[in-house]
Amino acid sequence: MAPLRFEPSCGKCHDDYKVGDIRGGISVRFNIDQVEAALAITDVLTGAFNRRHLMERLTEELARASRYGRGLACIMFDLDHFKRVNDTHGHAAGDEVLRTVGAAVGKMLRASDFLGRYGGEEFVVVLPETDLSAATLTAEKLRSEIENLLIAVGEAKASRVPACLGVAYFEAASGVADAMTLVQQADAAMYRAKEAGRNRVEVGPKKVEQNYST
């Protein structure tokens with residue numbers, strides 16, 4: 001509960017109170033169970049899914065793609081030379097970079113897509129019912145968006161923090177794959193992007209092999 005105080009603008013219609021007098025109160029009611037549930041699946045810093053929930057959702061989407069014969073793509077990305085931001089400007093600046101990038105990427109995704117923070121400056125985007133060409137195009141759009149973000153870092157007015165992105169693709173015809181395998185394929189493609197010069201997109205193997213016994 002917060003006090004509702006009489007302000008100068010209130011005097012236009014009321015003249016029986018002084019500025020600062022308490023005229024009532026403002027309260028907000030929310031379901032604490034819903035708040036706790038949201039916090040349990042969300043990365044507090046960026047608002048993306050946390051790693052555990054990301055992998056749970058990816059596992060569900062893989063099962064759905066396999067069952068209905070649909071494609072699914074996974075994009076892993078991290079920020080080039082992010083350690084320099086922390087080392088030069090401090091972790092508060094690094095946190096601001098992660099928040100800004102996470103928000104920008106989240107706004108570009110469809111309602112069916114989702115973003116998770118995998119760890120550190122690494123993020124994973126999952127694109128249900130998406131073929132390889134569309135996933136690659138999306139990755140390139142994300143790369144361009146991240147590259148062109150102007151982020152306040154330290155005393156500098158703005159700075160650019162580009163990214164490397166790796167794309168992995170699952171199709172039902174390749175057989176059932178687990179979530180970790182798909183992420184590992186995207187991760188390997190992302191590191192090829194780093195080796196090829198950074199600030200670029202690389203695509204992993206089209207088919208993802210099963211790596212566990214059924």
# chains A, B, ... in the order shown; residues from 1 in each chain; ligands from 1
>>> residues_around(residues="Gly197 of chain A", least_positions_apart="6", cutoff="12 Å", atoms="only C-alpha atoms", output="MDAnalysis selection string")
chainID A and resid 80 162:165 190:191
>>> residues_around(residues="Leu182 of chain A", least_positions_apart="2", cutoff="9 Å", atoms="only C-alpha atoms", output="MDAnalysis selection string")
chainID A and resid 73:74 168:170 177:180 184:187 208:209
>>> write_last_selection(atoms="C-alpha atoms", output="PDB file, in the first residue's frame")
ATOM      1  CA  ALA A  73      16.133 -24.956 -35.865  1.00  0.00           C
ATOM      2  CA  CYS A  74      18.405 -23.858 -33.070  1.00  0.00           C
ATOM      3  CA  ALA A 168      21.753 -26.283 -36.276  1.00  0.00           C
ATOM      4  CA  TYR A 169      18.735 -27.894 -37.911  1.00  0.00           C
ATOM      5  CA  PHE A 170      16.583 -30.897 -37.052  1.00  0.00           C
ATOM      6  CA  ALA A 177      17.651 -36.311 -31.535  1.00  0.00           C
ATOM      7  CA  ASP A 178      18.041 -34.995 -28.019  1.00  0.00           C
ATOM      8  CA  ALA A 179      18.227 -31.340 -27.071  1.00  0.00           C
ATOM      9  CA  MET A 180      21.870 -31.409 -26.002  1.00  0.00           C
ATOM     10  CA  GLN A 184      26.179 -28.907 -29.421  1.00  0.00           C
ATOM     11  CA  GLN A 185      25.799 -28.763 -33.206  1.00  0.00           C
ATOM     12  CA  ALA A 186      24.838 -25.077 -32.990  1.00  0.00           C
ATOM     13  CA  ASP A 187      27.734 -24.464 -30.598  1.00  0.00           C
ATOM     14  CA  VAL A 208      21.506 -34.274 -36.101  1.00  0.00           C
ATOM     15  CA  GLU A 209      22.480 -37.775 -35.010  1.00  0.00           C
TER      16      GLU A 209
END
>>> select_by_dssp(residues="segment 10-209 of chain A", states="alpha helix (DSSP H)", output="ChimeraX atom specification")
/A:32-41,51-68,82-89,91-108,132-147,179-195
>>> closest_residue(among="A:Leu79, A:Leu115, A:Val203, A:Leu142", to="Thr42 of chain A", atoms="only C-alpha atoms")
A:Leu115
>>> select_by_dssp(residues="segment 64-142 of chain A", states="strand (DSSP E)", output="list of chain:residue names")
A:Leu72, A:Ala73, A:Cys74, A:Ile75, A:Met76, A:Phe77, A:Asp78, A:Leu79, A:Phe114, A:Leu115, A:Gly116, A:Arg117, A:Tyr118, A:Gly119, A:Glu122, A:Phe123, A:Val124, A:Val125, A:Val126, A:Leu127, A:Pro128
>>> residues_around(residues="Ala152 of chain A", least_positions_apart="5", cutoff="12 Å", atoms="only C-alpha atoms", output="number ranges by chain")
A: 85, 89, 92-101, 157-161
>>> atom_distance(atom1="atom CA of Leu58 of chain A", atom2="atom CA of Pro128 of chain A")
9.1 Å
>>> residues_around(residues="Leu109 of chain A", least_positions_apart="5", cutoff="10 Å", atoms="only C-alpha atoms", output="PyMOL selection string")
chain A and resi 104+114-115+125-127+138+142
>>> residues_around(residues="Lys83 of chain A", least_positions_apart="5", cutoff="10 Å", atoms="only C-alpha atoms", output="PyMOL selection string")
chain A and resi 88-91+94+120-121
